[in-house]
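Enquirer: What follows is a structure written as C-alpha cells; I'll ask about it next.
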Amino acid sequence: KARLRLGHREDRVLPPDPAGTEPLWEAVAQLAPKQRAAIALFYLEDLPVREIADILECTESTARSHLQKARENLADVLGSRSSS
C-alpha cells in the first residue's frame, strides 16, 4: 500500500538543491528508514501525521515519534558538523 502511494510521482518536480543544503540531505540519508520516510512525507510531501501513519502502517503516535527522533538525530548530526 505504501509503495503504491509513494510510487513514481512524475507530476512532482523538486526544485534544484540550493547551495548549502547538501549537509542536510547527507544527514537525512543517515536516518533510520522510517525516520527518513517520515521526514520526507512531512516536509517534502506536506502530509499530515495521520496520513504519514497510514503510509508507514503505524499509529499516529508512532509516526510522531519517528518525526521527533528524526529531528533530534538531525539536530545532533548537523550541530556536530557546525562545531567542527
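Within each chain, counting starts at residue 1; across the C-alpha cells, chains are named A, B, ... in the order shown, with ligands numbered 1 upward in that order.
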Can you tell me which residues surround Thr62 of chain A at a distance of at most 12 Å, considering only C-alpha atoms, apart from same-chain residues fewer than 3 positions away, and format the answer as a compact mmCIF listing (two decimals) with N, CA and C atoms, in the first residue's frame?
Expert:
```txt
# COMPACT_ATOMS: atom_id res chain seq x y z
N LYS A 34 12.44 4.50 8.60
CA LYS A 34 11.12 5.08 8.92
C LYS A 34 11.23 6.54 9.32
N GLN A 35 12.33 6.90 9.98
CA GLN A 35 12.54 8.31 10.30
C GLN A 35 12.73 9.12 9.02
N ALA A 38 9.40 9.45 7.29
CA ALA A 38 8.53 10.40 7.99
C ALA A 38 8.94 11.84 7.67
N VAL A 49 0.33 14.15 9.92
CA VAL A 49 0.78 12.97 10.65
C VAL A 49 -0.17 11.79 10.45
N ARG A 50 -1.45 12.06 10.38
CA ARG A 50 -2.45 10.99 10.18
C ARG A 50 -2.14 10.21 8.91
N ILE A 52 0.75 10.16 7.25
CA ILE A 52 2.07 9.53 7.38
C ILE A 52 1.92 8.20 8.11
N ALA A 53 1.14 8.19 9.17
CA ALA A 53 0.90 6.96 9.93
C ALA A 53 0.26 5.90 9.04
N ASP A 54 -0.67 6.30 8.21
CA ASP A 54 -1.32 5.36 7.29
C ASP A 54 -0.31 4.77 6.31
N LEU A 56 3.00 4.62 6.62
CA LEU A 56 4.01 3.82 7.32
C LEU A 56 3.41 2.63 8.06
N GLU A 57 2.09 2.52 8.01
CA GLU A 57 1.36 1.43 8.66
C GLU A 57 1.69 1.36 10.15
N CYS A 58 1.51 2.51 10.82
CA CYS A 58 1.74 2.59 12.25
C CYS A 58 0.69 3.54 12.85
N THR A 59 0.72 3.68 14.15
CA THR A 59 -0.21 4.60 14.80
C THR A 59 0.27 6.04 14.61
N SER A 65 6.48 9.99 16.83
CA SER A 65 7.74 9.58 17.44
C SER A 65 8.86 9.49 16.40
N HIS A 66 8.55 8.93 15.23
CA HIS A 66 9.54 8.88 14.15
C HIS A 66 10.00 10.28 13.76
N LEU A 67 9.05 11.21 13.65
CA LEU A 67 9.40 12.59 13.30
C LEU A 67 10.26 13.23 14.39
N GLN A 68 9.87 13.06 15.64
CA GLN A 68 10.62 13.67 16.74
C GLN A 68 12.04 13.12 16.82
N LYS A 69 12.18 11.79 16.72
CA LYS A 69 13.51 11.18 16.78
C LYS A 69 14.35 11.62 15.59
```
Enquirer: Which is closest to Pro33 of chain A among A:Ser61, A:Ala70, A:Pro48, A:Ile55, if we use only C-alpha atoms?
Expert: A:Ala70
Enquirer: Which one is closest to Leu74 of chain A: A:Leu44, A:Glu51, A:Glu22, A:Leu31? Count only C-alpha atoms.
Expert: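 Between A:Leu44, A:Glu51, A:Glu22, A:Leu31, the residue approaching Leu74 of chain A most closely is A:Leu31.
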Enquirer: Any idea what the distance is between atom CA of Val77 of chain A and atom CA of Ile39 of chain A?
Expert: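 So the answer is 15.0 Å.
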Enquirer: Go through A:Ala63, A:Leu24, A:Ala37, A:Phe42 and flag the residue nearest Ala75 of chain A, using only C-alpha atoms for the distances.
Expert: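 The answer is A:Leu24, which sits nearest to Ala75 of chain A.
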Enquirer: Nearest to Gln30 of chain A among A:Leu47, A:Asn73, A:Glu60, A:Ser80, with distances taken over only C-alpha atoms: which residue is it?
Expert: A:Asn73
